[in-house]
>>> print(open('input.txt').read())   # compact mmCIF, C-alpha atoms
# COMPACT_ATOMS: atom_id res chain seq x y z
CA MET W 1 -37.71 -43.90 -129.30
CA ASN W 2 -38.85 -47.14 -127.65
CA ASP W 3 -39.20 -45.91 -124.06
CA PHE W 4 -42.91 -45.23 -123.69
CA SER W 5 -42.58 -43.67 -120.22
CA ALA W 6 -40.09 -41.09 -121.47
CA TRP W 7 -42.21 -40.47 -124.58
CA MET W 8 -45.36 -39.87 -122.52
CA GLN W 9 -43.62 -37.87 -119.82
CA GLU W 10 -42.25 -35.47 -122.45
CA ARG W 11 -45.84 -34.82 -123.56
CA PHE W 12 -47.44 -34.74 -120.11
CA ASP W 13 -47.72 -30.96 -119.81
CA ASP W 14 -49.35 -30.85 -123.25
CA TYR W 15 -51.71 -33.60 -122.14
CA VAL W 16 -52.83 -31.53 -119.12
CA ARG W 17 -53.33 -28.41 -121.26
CA GLN W 18 -55.38 -30.36 -123.79
CA LEU W 19 -57.39 -32.02 -121.01
CA GLU W 20 -58.27 -28.55 -119.76
CA SER W 21 -59.54 -27.62 -123.22
CA LEU W 22 -61.71 -30.73 -123.43
CA VAL W 23 -63.15 -30.46 -119.92
CA ASN W 24 -64.07 -26.83 -120.52
CA ILE W 25 -66.31 -27.83 -123.43
CA ASP W 26 -69.83 -28.63 -122.20
CA SER W 27 -70.74 -32.02 -123.66
CA GLY W 28 -73.71 -33.45 -121.79
CA SER W 29 -75.31 -36.32 -123.70
CA TYR W 30 -78.26 -34.16 -124.80
CA HIS W 31 -76.08 -31.15 -125.66
CA LYS W 32 -75.44 -32.42 -129.17
CA ALA W 33 -73.49 -29.40 -130.40
CA GLY W 34 -71.11 -29.64 -127.44
CA VAL W 35 -70.49 -33.37 -127.90
CA SER W 36 -69.87 -32.81 -131.61
CA LYS W 37 -67.37 -30.09 -130.70
CA VAL W 38 -65.37 -32.54 -128.57
CA LEU W 39 -65.51 -35.16 -131.31
CA ASP W 40 -64.40 -32.59 -133.87
CA TRP W 41 -61.46 -31.63 -131.64
CA VAL W 42 -60.40 -35.27 -131.36
CA ALA W 43 -60.71 -35.79 -135.12
CA GLY W 44 -58.72 -32.66 -135.88
CA TYR W 45 -55.98 -33.55 -133.40
CA LEU W 46 -55.51 -37.06 -134.80
CA ASP W 47 -55.81 -35.94 -138.40
CA GLY W 48 -53.05 -33.41 -137.73
CA LEU W 49 -50.80 -36.28 -136.67
CA GLY W 50 -51.34 -38.08 -139.96
CA ILE W 51 -53.52 -40.79 -138.38
CA GLU W 52 -56.32 -42.26 -140.48
CA VAL W 53 -59.60 -40.72 -139.26
CA GLN W 54 -63.24 -41.37 -140.14
CA ARG W 55 -65.98 -38.96 -139.07
CA LEU W 56 -69.14 -41.01 -138.63
CA GLN W 57 -72.45 -39.19 -138.94
CA ASP W 58 -76.06 -39.94 -138.15
CA GLY W 59 -78.82 -37.61 -139.28
CA GLY W 60 -76.27 -35.10 -140.55
CA ARG W 61 -74.53 -34.81 -137.16
CA LEU W 62 -71.08 -36.04 -136.17
CA VAL W 63 -71.69 -38.84 -133.64
CA CYS W 64 -68.48 -40.91 -133.64
CA VAL W 65 -64.86 -40.63 -134.67
CA ARG W 66 -62.96 -43.77 -135.65
CA ALA W 67 -59.18 -43.64 -135.97
CA THR W 68 -56.78 -46.39 -137.04
CA VAL W 69 -53.02 -46.93 -136.90
CA HIS W 70 -51.39 -49.67 -139.01
CA PRO W 71 -54.64 -50.80 -140.68
CA GLY W 72 -55.00 -54.09 -142.51
CA ALA W 73 -54.23 -56.70 -139.86
CA SER W 74 -56.59 -59.63 -139.31
CA ARG W 75 -59.21 -59.47 -136.57
CA GLU W 76 -56.96 -61.66 -134.41
CA ARG W 77 -54.24 -58.99 -134.60
CA SER W 78 -56.52 -55.98 -134.09
CA ALA W 79 -57.19 -54.07 -130.87
CA LEU W 80 -59.74 -51.35 -130.15
CA LEU W 81 -59.67 -48.49 -127.65
CA LEU W 82 -63.12 -47.29 -126.58
CA GLY W 83 -64.05 -43.91 -125.13
CA HIS W 84 -67.12 -41.68 -124.88
CA CYS W 85 -67.05 -37.91 -125.20
CA ASP W 86 -70.37 -37.15 -123.47
CA THR W 87 -70.87 -36.36 -119.80
CA VAL W 88 -73.88 -36.31 -117.46
CA PHE W 89 -73.66 -32.57 -116.78
CA PRO W 90 -75.98 -29.81 -118.08
CA GLU W 91 -75.03 -27.00 -120.39
CA GLY W 92 -73.22 -24.24 -118.53
CA GLU W 93 -71.55 -26.57 -116.00
CA ALA W 94 -68.07 -26.05 -117.46
CA GLN W 95 -68.43 -22.29 -117.07
CA ARG W 96 -69.66 -22.63 -113.48
CA ARG W 97 -66.77 -24.87 -112.40
CA PRO W 98 -64.07 -25.06 -115.06
CA PHE W 99 -61.06 -27.36 -115.08
CA ARG W 100 -58.66 -26.80 -112.20
CA VAL W 101 -55.60 -28.59 -110.84
CA ASP W 102 -54.81 -29.04 -107.17
CA GLY W 103 -51.50 -30.85 -106.79
CA PRO W 104 -51.74 -34.30 -108.40
CA VAL W 105 -55.52 -34.05 -108.85
CA ALA W 106 -57.62 -32.34 -111.52
CA TYR W 107 -61.29 -31.41 -111.20
CA GLY W 108 -64.03 -30.46 -113.63
CA PRO W 109 -67.18 -31.84 -115.27
CA GLY W 110 -66.38 -35.17 -116.91
CA VAL W 111 -62.67 -34.89 -116.13
CA ALA W 112 -62.46 -38.57 -115.18
CA ASP W 113 -65.62 -39.93 -116.80
CA MET W 114 -64.18 -39.84 -119.24
CA LYS W 115 -62.28 -37.06 -120.92
CA ALA W 116 -58.97 -38.08 -119.35
CA GLY W 117 -59.43 -41.55 -120.88
CA VAL W 118 -60.50 -40.15 -124.24
CA LEU W 119 -57.35 -38.04 -124.41
CA MET W 120 -55.19 -40.96 -123.22
CA ASN W 121 -56.55 -43.02 -126.13
CA ALA W 122 -55.55 -40.28 -128.56
CA TYR W 123 -52.02 -40.30 -127.14
CA LEU W 124 -51.83 -44.09 -127.32
CA LEU W 125 -52.68 -43.93 -131.03
CA GLN W 126 -49.90 -41.42 -131.49
CA ALA W 127 -47.47 -43.64 -129.58
CA TRP W 128 -48.52 -46.71 -131.59
CA GLN W 129 -47.82 -44.77 -134.77
CA ALA W 130 -44.32 -43.95 -133.49
CA MET W 131 -43.28 -47.22 -131.84
CA GLY W 132 -46.07 -49.79 -131.99
CA ASP W 133 -46.08 -53.19 -133.64
CA LYS W 134 -46.75 -52.57 -137.34
CA GLY W 135 -48.32 -56.02 -137.63
CA THR W 136 -51.02 -55.14 -135.08
CA THR W 137 -53.81 -52.75 -136.01
CA LEU W 138 -54.77 -50.32 -133.24
CA SER W 139 -58.04 -48.46 -133.62
CA ALA W 140 -59.96 -46.12 -131.36
CA LEU W 141 -63.64 -45.27 -131.40
CA PHE W 142 -64.76 -42.03 -129.77
CA THR W 143 -68.53 -41.95 -129.18
CA CYS W 144 -71.25 -39.44 -128.36
CA ASP W 145 -73.86 -40.89 -126.00
CA GLU W 146 -72.64 -43.66 -123.69
CA GLU W 147 -74.13 -41.99 -120.62
CA ILE W 148 -77.65 -42.57 -121.99
CA GLY W 149 -77.12 -46.07 -123.36
CA SER W 150 -75.49 -45.28 -126.74
CA PRO W 151 -78.70 -45.02 -128.80
CA GLN W 152 -76.91 -43.40 -131.74
CA SER W 153 -73.40 -44.78 -131.41
CA GLY W 154 -74.35 -48.36 -130.49
CA ALA W 155 -74.48 -49.58 -134.08
CA PHE W 156 -71.07 -48.03 -134.82
CA ILE W 157 -69.61 -49.63 -131.68
CA GLU W 158 -70.96 -53.04 -132.65
CA ALA W 159 -69.71 -52.81 -136.24
CA THR W 160 -66.25 -51.71 -135.10
CA CYS W 161 -65.98 -54.34 -132.35
CA ARG W 162 -66.71 -57.11 -134.85
CA GLN W 163 -63.53 -56.09 -136.69
CA HIS W 164 -61.32 -56.34 -133.57
CA ARG W 165 -60.36 -59.23 -131.28
CA TYR W 166 -59.43 -57.09 -128.27
CA ALA W 167 -61.23 -54.13 -126.69
CA PHE W 168 -59.87 -51.84 -123.99
CA ASN W 169 -62.39 -49.37 -122.59
CA SER W 170 -60.64 -46.37 -121.07
CA GLU W 171 -63.37 -45.60 -118.58
CA PRO W 172 -61.76 -44.24 -115.41
CA GLY W 173 -59.80 -46.58 -113.19
CA ARG W 174 -61.35 -47.00 -109.75
CA PRO W 175 -60.16 -44.69 -106.93
CA ASN W 176 -57.79 -47.47 -105.81
CA GLY W 177 -56.55 -47.91 -109.39
CA ASN W 178 -58.42 -51.17 -110.06
CA VAL W 179 -59.71 -52.11 -113.49
CA VAL W 180 -63.14 -53.61 -114.19
CA VAL W 181 -63.53 -57.18 -115.42
CA GLY W 182 -67.32 -57.42 -115.30
CA ARG W 183 -70.29 -55.06 -115.31
CA LYS W 184 -74.00 -55.34 -114.85
CA GLY W 185 -76.31 -54.61 -117.72
CA GLY W 186 -78.99 -51.97 -117.32
CA VAL W 187 -82.43 -51.35 -118.80
CA PHE W 188 -83.96 -47.92 -118.31
CA PHE W 189 -87.70 -47.88 -118.95
CA ASP W 190 -90.85 -45.88 -118.28
CA VAL W 191 -94.13 -47.26 -116.98
CA GLN W 192 -97.13 -45.16 -118.10
CA VAL W 193 -100.50 -45.58 -116.37
CA GLN W 194 -103.82 -44.13 -117.53
CA GLY W 195 -106.69 -43.78 -115.10
CA LYS W 196 -109.77 -41.57 -115.04
CA ALA W 197 -110.05 -38.04 -113.66
CA ALA W 198 -112.73 -37.15 -111.14
CA HIS W 199 -113.35 -34.59 -108.42
CA ALA W 200 -111.71 -35.98 -105.28
CA GLY W 201 -114.52 -34.79 -103.01
CA ALA W 202 -117.75 -34.69 -105.02
CA ASN W 203 -117.18 -37.63 -107.37
CA PHE W 204 -114.34 -39.70 -105.87
CA TYR W 205 -115.72 -43.16 -106.64
CA SER W 206 -116.17 -42.52 -110.37
CA GLY W 207 -112.44 -41.84 -110.78
CA ILE W 208 -109.57 -44.26 -111.31
CA SER W 209 -106.34 -43.12 -109.69
CA ALA W 210 -103.37 -43.69 -111.96
CA ILE W 211 -101.04 -42.81 -109.09
CA SER W 212 -102.59 -45.43 -106.81
CA ALA W 213 -102.41 -48.06 -109.56
CA LEU W 214 -98.80 -47.13 -110.37
CA ALA W 215 -97.83 -47.42 -106.70
CA LYS W 216 -99.21 -50.97 -106.61
CA LYS W 217 -97.39 -51.88 -109.82
CA ILE W 218 -94.15 -50.51 -108.38
CA GLN W 219 -94.57 -52.75 -105.35
CA SER W 220 -95.04 -55.72 -107.67
CA MET W 221 -91.97 -54.82 -109.76
CA GLU W 222 -89.85 -54.47 -106.65
CA GLN W 223 -90.40 -58.16 -106.00
CA LEU W 224 -87.84 -58.68 -108.77
CA ILE W 225 -85.07 -57.35 -106.52
CA ASP W 226 -82.83 -60.26 -105.60
CA PRO W 227 -79.59 -59.62 -103.66
CA ASP W 228 -78.41 -63.19 -104.21
CA GLU W 229 -78.71 -62.88 -108.00
CA GLY W 230 -77.52 -59.28 -108.03
CA ILE W 231 -80.76 -57.96 -109.54
CA THR W 232 -81.76 -54.43 -108.54
CA LEU W 233 -84.72 -52.28 -109.57
CA ASN W 234 -84.85 -48.60 -108.72
CA VAL W 235 -87.75 -46.22 -109.38
CA GLY W 236 -85.80 -43.00 -109.70
CA LEU W 237 -88.43 -40.72 -111.23
CA ILE W 238 -92.19 -40.38 -110.78
CA ARG W 239 -94.72 -37.82 -111.92
CA GLY W 240 -98.48 -37.69 -112.28
CA GLY W 241 -101.80 -36.12 -111.41
CA LEU W 242 -103.38 -32.75 -112.04
CA SER W 243 -104.08 -31.32 -108.58
CA VAL W 244 -104.43 -32.43 -104.99
CA ASN W 245 -108.23 -32.44 -105.28
CA THR W 246 -108.39 -34.43 -108.53
CA VAL W 247 -108.23 -38.22 -108.86
CA ALA W 248 -105.07 -38.62 -110.93
CA PRO W 249 -105.80 -39.51 -114.58
CA SER W 250 -102.18 -40.34 -115.45
CA ALA W 251 -98.85 -41.19 -113.88
CA VAL W 252 -95.39 -42.19 -115.11
CA ALA W 253 -92.46 -43.85 -113.37
CA GLY W 254 -88.85 -43.98 -114.61
CA VAL W 255 -87.24 -47.29 -113.69
CA ASP W 256 -83.64 -48.54 -113.64
CA LEU W 257 -83.23 -52.34 -113.79
CA ARG W 258 -79.76 -53.85 -113.32
CA ILE W 259 -78.94 -57.45 -114.18
CA HIS W 260 -75.87 -59.68 -114.55
CA THR W 261 -77.03 -61.80 -117.52
CA MET W 262 -79.28 -61.56 -120.55
CA ALA W 263 -81.34 -64.45 -119.14
CA GLN W 264 -82.10 -62.34 -116.07
CA ARG W 265 -83.04 -59.48 -118.36
CA GLU W 266 -85.56 -61.56 -120.30
CA ARG W 267 -87.11 -62.96 -117.14
CA CYS W 268 -87.44 -59.57 -115.45
CA LEU W 269 -88.84 -57.76 -118.48
CA SER W 270 -91.38 -60.53 -119.05
CA GLU W 271 -92.59 -59.93 -115.49
CA VAL W 272 -92.71 -56.16 -116.07
CA ALA W 273 -94.85 -56.75 -119.15
CA ARG W 274 -97.20 -59.00 -117.13
CA ILE W 275 -97.52 -56.43 -114.36
CA CYS W 276 -98.35 -53.67 -116.84
CA ALA W 277 -100.90 -55.84 -118.66
CA THR W 278 -102.72 -56.66 -115.41
CA SER W 279 -105.41 -54.07 -114.57
CA LEU W 280 -105.86 -53.67 -110.82
CA GLN W 281 -108.63 -51.07 -110.60
CA GLY W 282 -109.69 -50.33 -114.16
CA GLU W 283 -106.52 -48.55 -115.26
CA THR W 284 -104.51 -49.29 -118.39
CA ALA W 285 -100.71 -49.36 -118.44
CA SER W 286 -97.83 -49.62 -120.90
CA TRP W 287 -94.06 -49.59 -120.68
CA SER W 288 -91.28 -48.54 -123.02
CA VAL W 289 -87.49 -48.84 -122.95
CA ARG W 290 -85.60 -45.53 -123.04
CA GLY W 291 -82.07 -46.89 -123.03
CA GLU W 292 -80.12 -50.05 -122.40
CA PHE W 293 -76.66 -51.38 -121.61
CA LYS W 294 -75.66 -54.96 -122.25
CA PRO W 295 -73.95 -56.79 -119.36
CA PHE W 296 -70.19 -57.31 -119.57
CA VAL W 297 -69.78 -60.97 -118.64
CA GLN W 298 -66.14 -62.02 -118.51
CA SER W 299 -65.29 -64.72 -121.05
CA GLU W 300 -62.28 -67.00 -120.80
CA GLY W 301 -60.48 -64.82 -123.35
CA SER W 302 -61.26 -61.70 -121.32
CA ARG W 303 -60.03 -63.43 -118.18
CA LEU W 304 -56.70 -64.26 -119.81
CA LEU W 305 -56.35 -60.73 -121.17
CA ALA W 306 -57.02 -59.25 -117.73
CA GLU W 307 -54.49 -61.64 -116.22
CA LYS W 308 -51.86 -60.43 -118.69
CA TYR W 309 -52.71 -56.76 -118.03
CA LEU W 310 -52.54 -57.21 -114.25
CA GLU W 311 -49.20 -59.05 -114.47
CA ILE W 312 -47.75 -56.15 -116.45
CA SER W 313 -49.17 -53.70 -113.88
CA VAL W 314 -47.27 -55.48 -111.13
CA THR W 315 -44.00 -55.24 -113.06
CA GLU W 316 -44.61 -51.49 -113.36
CA GLY W 317 -45.10 -51.22 -109.60
CA ILE W 318 -48.84 -50.62 -109.94
CA ALA W 319 -50.58 -53.15 -107.70
CA VAL W 320 -54.14 -53.20 -109.00
CA LYS W 321 -56.84 -55.85 -109.23
CA GLY W 322 -59.85 -56.60 -111.38
CA GLU W 323 -63.29 -55.99 -109.91
CA VAL W 324 -66.95 -56.33 -110.91
CA THR W 325 -69.23 -53.31 -110.65
CA GLY W 326 -72.92 -52.54 -110.93
CA GLY W 327 -72.21 -49.59 -113.22
CA CYS W 328 -72.77 -50.03 -116.95
CA SER W 329 -70.63 -49.18 -119.99
CA ASP W 330 -70.16 -49.93 -123.68
CA SER W 331 -67.92 -52.85 -122.69
CA GLY W 332 -71.06 -54.99 -122.73
CA ILE W 333 -71.43 -54.41 -126.47
CA ALA W 334 -67.81 -55.38 -127.05
CA ALA W 335 -68.19 -58.55 -124.99
CA GLU W 336 -71.35 -59.56 -126.83
CA CYS W 337 -69.48 -59.10 -130.13
CA GLY W 338 -66.92 -61.68 -129.03
CA CYS W 339 -64.10 -59.33 -128.06
CA ASP W 340 -61.73 -60.03 -125.21
CA VAL W 341 -62.44 -57.02 -122.99
CA ILE W 342 -60.97 -55.07 -120.09
CA CYS W 343 -62.75 -51.97 -118.80
CA ALA W 344 -61.70 -48.97 -116.70
CA VAL W 345 -58.12 -48.93 -117.99
CA GLY W 346 -58.12 -45.12 -118.04
CA PRO W 347 -56.53 -42.78 -115.49
CA SER W 348 -57.78 -43.32 -111.93
CA GLY W 349 -60.39 -41.05 -110.42
CA GLY W 350 -63.51 -40.89 -108.32
CA GLU W 351 -66.74 -39.13 -107.32
CA PHE W 352 -68.01 -39.67 -110.86
CA HIS W 353 -71.17 -37.79 -111.89
CA THR W 354 -70.83 -35.33 -108.99
CA PRO W 355 -69.43 -31.79 -108.58
CA GLU W 356 -66.48 -33.39 -106.72
CA GLU W 357 -65.44 -35.61 -109.66
CA TYR W 358 -61.66 -35.84 -109.96
CA VAL W 359 -58.89 -37.57 -111.88
CA ARG W 360 -55.44 -38.36 -110.53
CA LEU W 361 -52.99 -36.81 -112.96
CA ASP W 362 -50.19 -38.81 -111.35
CA SER W 363 -51.83 -42.00 -112.66
CA VAL W 364 -51.88 -40.98 -116.33
CA VAL W 365 -48.38 -42.04 -117.41
CA GLY W 366 -48.45 -45.32 -115.48
CA LYS W 367 -51.90 -46.33 -116.72
CA ALA W 368 -51.01 -45.46 -120.30
CA LYS W 369 -47.74 -47.42 -120.09
CA VAL W 370 -49.41 -50.58 -118.75
CA LEU W 371 -51.94 -50.44 -121.56
CA PHE W 372 -49.27 -49.78 -124.19
CA ARG W 373 -47.20 -52.71 -122.95
CA THR W 374 -50.29 -54.95 -122.95
CA LEU W 375 -50.99 -53.96 -126.55
CA LYS W 376 -47.43 -54.87 -127.47
CA THR W 377 -47.97 -58.43 -126.25
CA LEU W 378 -50.99 -59.07 -128.49
CA GLY W 379 -48.89 -59.91 -131.52
CA ALA W 380 -46.47 -62.12 -129.62
>>> encode(input="input.txt", output="structure tokens")
Amino acid sequence: MNDFSAWMQERFDDYVRQLESLVNIDSGSYHKAGVSKVLDWVAGYLDGLGIEVQRLQDGGRLVCVRATVHPGASRERSALLLGHCDTVFPEGEAQRRPFRVDGPVAYGPGVADMKAGVLMNAYLLQAWQAMGDKGTTLSALFTCDEEIGSPQSGAFIEATCRQHRYAFNSEPGRPNGNVVVGRKGGVFFDVQVQGKAAHAGANFYSGISAISALAKKIQSMEQLIDPDEGITLNVGLIRGGLSVNTVAPSAVAGVDLRIHTMAQRERCLSEVARICATSLQGETASWSVRGEFKPFVQSEGSRLLAEKYLEISVTEGIAVKGEVTGGCSDSGIAAECGCDVICAVGPSGGEFHTPEEYVRLDSVVGKAKVLFRTLKTLGA
């Protein structure tokens, strides 16, 4: 069979049933057993189809699954599908609000971001095995921790990307169906301040308030915000102090820095280091990175690949565009490794990371077909 639409449509009901199974598995980034369960399901499904599967472990735990169809092609004739199996939701969320379908829309924790894309990648591998170009290697990497910056899977992503010329990240398509052709990078870091405790009434002047010092440092860091350059800095978490009547001996802020280029990153983090090293009222301060995403800066090769993908979309009656977003993904790693990259080629959805998150089931076949047809052009 060479008609991908008919092939995928025949399997659509199975796709929805399997999506329900995946969504109903809790797999928040820190729920390691749940993420491993999703990865194990993917590995078992693909292995059952006779597709070459590698289970990649770190510290004795399954953290990635790599699958390959028609191995052995050169890097120039190799394409990679990316997808993460973790979500942002806590354990128990799938039981509280399990997968449900309402007309053409499905709901549930991680249904769009990105279990629908993960499952689509598995189906594309199956389709490539049945009717793909045997001279083009198609691989897929399913990862465990993208939502927190890929601390465990990052090295596997980088190693796999260096073996492939093209990378398609099946993050969810935008609500309007658009794909993503550029993303900001993000650095998530903590600023820790140490002061000196004292009684706030009887001995106020012998104390050093870590909270006061941290507040001043936050004001200094916020000077990095630059709308023209697209640099943002958000202090999303803060904690500190012992009691209302004690001068605070310690305080911590959790900070989210977003940048467009690595040069911006280096400049901003150098300023953060300077701010932390400067004592304002006798306090000491340090900072440490908790997670990081590289920016996805569109190269000329990525531009041409997106152009090809969008042209095929038009011929399929799917009028979508490429857009740049402030959200991060593993596409930045692929771009840094020299891959030609398109992101958000998965089924369309919206309200990501919220209880209202949804995926449009009526976009699955069309999105998969456009990607399959794009893959078919890579060997031409």
>>> closest_residue(input="input.txt", among="W:Pro295, W:Tyr123, W:Asp47, W:Gly72", to="W:Phe4", atoms="only C-alpha atoms")
W:Tyr123
>>> residues_around(input="input.txt", residues="W:Ala106", least_positions_apart="2", cutoff="10 Å", atoms="all atoms listed in the file", output="compact mmCIF listing (two decimals) with C-alpha atoms, in the coordinates of the input")
# COMPACT_ATOMS: atom_id res chain seq x y z
CA VAL W 16 -52.83 -31.53 -119.12
CA LEU W 19 -57.39 -32.02 -121.01
CA GLU W 20 -58.27 -28.55 -119.76
CA PHE W 99 -61.06 -27.36 -115.08
CA ARG W 100 -58.66 -26.80 -112.20
CA VAL W 101 -55.60 -28.59 -110.84
CA ASP W 102 -54.81 -29.04 -107.17
CA GLY W 103 -51.50 -30.85 -106.79
CA PRO W 104 -51.74 -34.30 -108.40
CA GLY W 108 -64.03 -30.46 -113.63
CA VAL W 111 -62.67 -34.89 -116.13
CA ALA W 112 -62.46 -38.57 -115.18
CA ALA W 116 -58.97 -38.08 -119.35
CA GLY W 349 -60.39 -41.05 -110.42
CA GLU W 357 -65.44 -35.61 -109.66
CA TYR W 358 -61.66 -35.84 -109.96
CA VAL W 359 -58.89 -37.57 -111.88
CA ARG W 360 -55.44 -38.36 -110.53
CA LEU W 361 -52.99 -36.81 -112.96
CA ASP W 362 -50.19 -38.81 -111.35
>>> closest_atom_pairs(input="input.txt", of="stretch 173-233 of chain W", to="stretch 296-311 of chain W", cutoff="7 Å", atoms="all atoms listed in the file", output="tab-separated table")
residue	atom	partner	partner_atom	distance
W:Val181	CA	W:Gln298	CA	6.3
W:Gly182	CA	W:Phe296	CA	5.1
W:Arg183	CA	W:Phe296	CA	4.8
W:Lys184	CA	W:Phe296	CA	6.4
W:Gly185	CA	W:Phe296	CA	6.9
>>> write_last_selection(input="input.txt", atoms="C-alpha atoms", output="PDB file, in the frame of the given file")
ATOM      1  CA  VAL W 181     -63.530 -57.180-115.420  1.00  0.00           C
ATOM      2  CA  GLY W 182     -67.320 -57.420-115.300  1.00  0.00           C
ATOM      3  CA  ARG W 183     -70.290 -55.060-115.310  1.00  0.00           C
ATOM      4  CA  LYS W 184     -74.000 -55.340-114.850  1.00  0.00           C
ATOM      5  CA  GLY W 185     -76.310 -54.610-117.720  1.00  0.00           C
TER       6      GLY W 185
END
>>> closest_residue(input="input.txt", among="W:Ala159, W:Val118, W:Val63, W:Ala79", to="W:Cys144", atoms="all atoms listed in the file")
W:Val63
>>> atom_distance(input="input.txt", atom1="atom CA of W:Gly230", atom2="atom CA of W:His260")
6.7 Å
>>> atom_distance(input="input.txt", atom1="atom CA of W:Leu214", atom2="atom CA of W:Val244")
16.6 Å
>>> atom_distance(input="input.txt", atom1="atom CA of W:Pro151", atom2="atom CA of W:Glu266")
19.8 Å
>>> residues_around(input="input.txt", residues="W:Asp113", least_positions_apart="3", cutoff="10 Å", atoms="all atoms listed in the file", output="PyMOL selection string")
chain W and resi 83-88+109-110+116-118+147+170-173+344+346-353+357-359
>>> closest_residue(input="input.txt", among="W:Cys328, W:Val370, W:Ile51, W:Met120", to="W:Val314", atoms="only C-alpha atoms")
W:Val370
>>> build_atoms(input="input.txt", residues="stretch 339-356 of chain W", atoms="N, CA and C atoms", output="tab-separated table (two decimals), keeping the file's coordinate frame")
chain	number	residue	atom	x	y	z
W	339	CYS	N	-65.42	-59.88	-128.37
W	339	CYS	CA	-64.10	-59.33	-128.06
W	339	CYS	C	-63.64	-59.81	-126.69
W	340	ASP	N	-62.32	-59.91	-126.53
W	340	ASP	CA	-61.73	-60.03	-125.21
W	340	ASP	C	-61.64	-58.61	-124.66
W	341	VAL	N	-62.20	-58.39	-123.47
W	341	VAL	CA	-62.44	-57.02	-122.99
W	341	VAL	C	-61.84	-56.79	-121.61
W	342	ILE	N	-61.27	-55.61	-121.42
W	342	ILE	CA	-60.97	-55.07	-120.09
W	342	ILE	C	-61.55	-53.65	-120.06
W	343	CYS	N	-62.15	-53.30	-118.94
W	343	CYS	CA	-62.75	-51.97	-118.80
W	343	CYS	C	-62.06	-51.19	-117.69
W	344	ALA	N	-62.25	-49.89	-117.71
W	344	ALA	CA	-61.70	-48.97	-116.70
W	344	ALA	C	-60.18	-48.99	-116.69
W	345	VAL	N	-59.58	-48.97	-117.88
W	345	VAL	CA	-58.12	-48.93	-117.99
W	345	VAL	C	-57.61	-47.49	-118.11
W	346	GLY	N	-58.52	-46.52	-117.96
W	346	GLY	CA	-58.12	-45.12	-118.04
W	346	GLY	C	-57.50	-44.63	-116.74
W	347	PRO	N	-57.09	-43.36	-116.71
W	347	PRO	CA	-56.53	-42.78	-115.49
W	347	PRO	C	-57.49	-42.92	-114.31
W	348	SER	N	-56.95	-43.08	-113.12
W	348	SER	CA	-57.78	-43.32	-111.93
W	348	SER	C	-58.45	-42.03	-111.47
W	349	GLY	N	-59.66	-42.20	-110.94
W	349	GLY	CA	-60.39	-41.05	-110.42
W	349	GLY	C	-61.51	-41.50	-109.51
W	350	GLY	N	-62.40	-40.56	-109.20
W	350	GLY	CA	-63.51	-40.89	-108.32
W	350	GLY	C	-64.56	-39.81	-108.29
W	351	GLU	N	-65.60	-40.05	-107.46
W	351	GLU	CA	-66.74	-39.13	-107.32
W	351	GLU	C	-67.39	-38.83	-108.67
W	352	PHE	N	-67.47	-39.86	-109.52
W	352	PHE	CA	-68.01	-39.67	-110.86
W	352	PHE	C	-69.46	-39.16	-110.79
W	353	HIS	N	-69.82	-38.33	-111.74
W	353	HIS	CA	-71.17	-37.79	-111.89
W	353	HIS	C	-71.55	-36.82	-110.77
W	354	THR	N	-70.56	-36.29	-110.06
W	354	THR	CA	-70.83	-35.33	-108.99
W	354	THR	C	-69.96	-34.09	-109.19
W	355	PRO	N	-70.28	-32.99	-108.49
W	355	PRO	CA	-69.43	-31.79	-108.58
W	355	PRO	C	-68.01	-32.02	-108.05
W	356	GLU	N	-67.81	-33.11	-107.28
W	356	GLU	CA	-66.48	-33.39	-106.72
W	356	GLU	C	-65.67	-34.33	-107.61
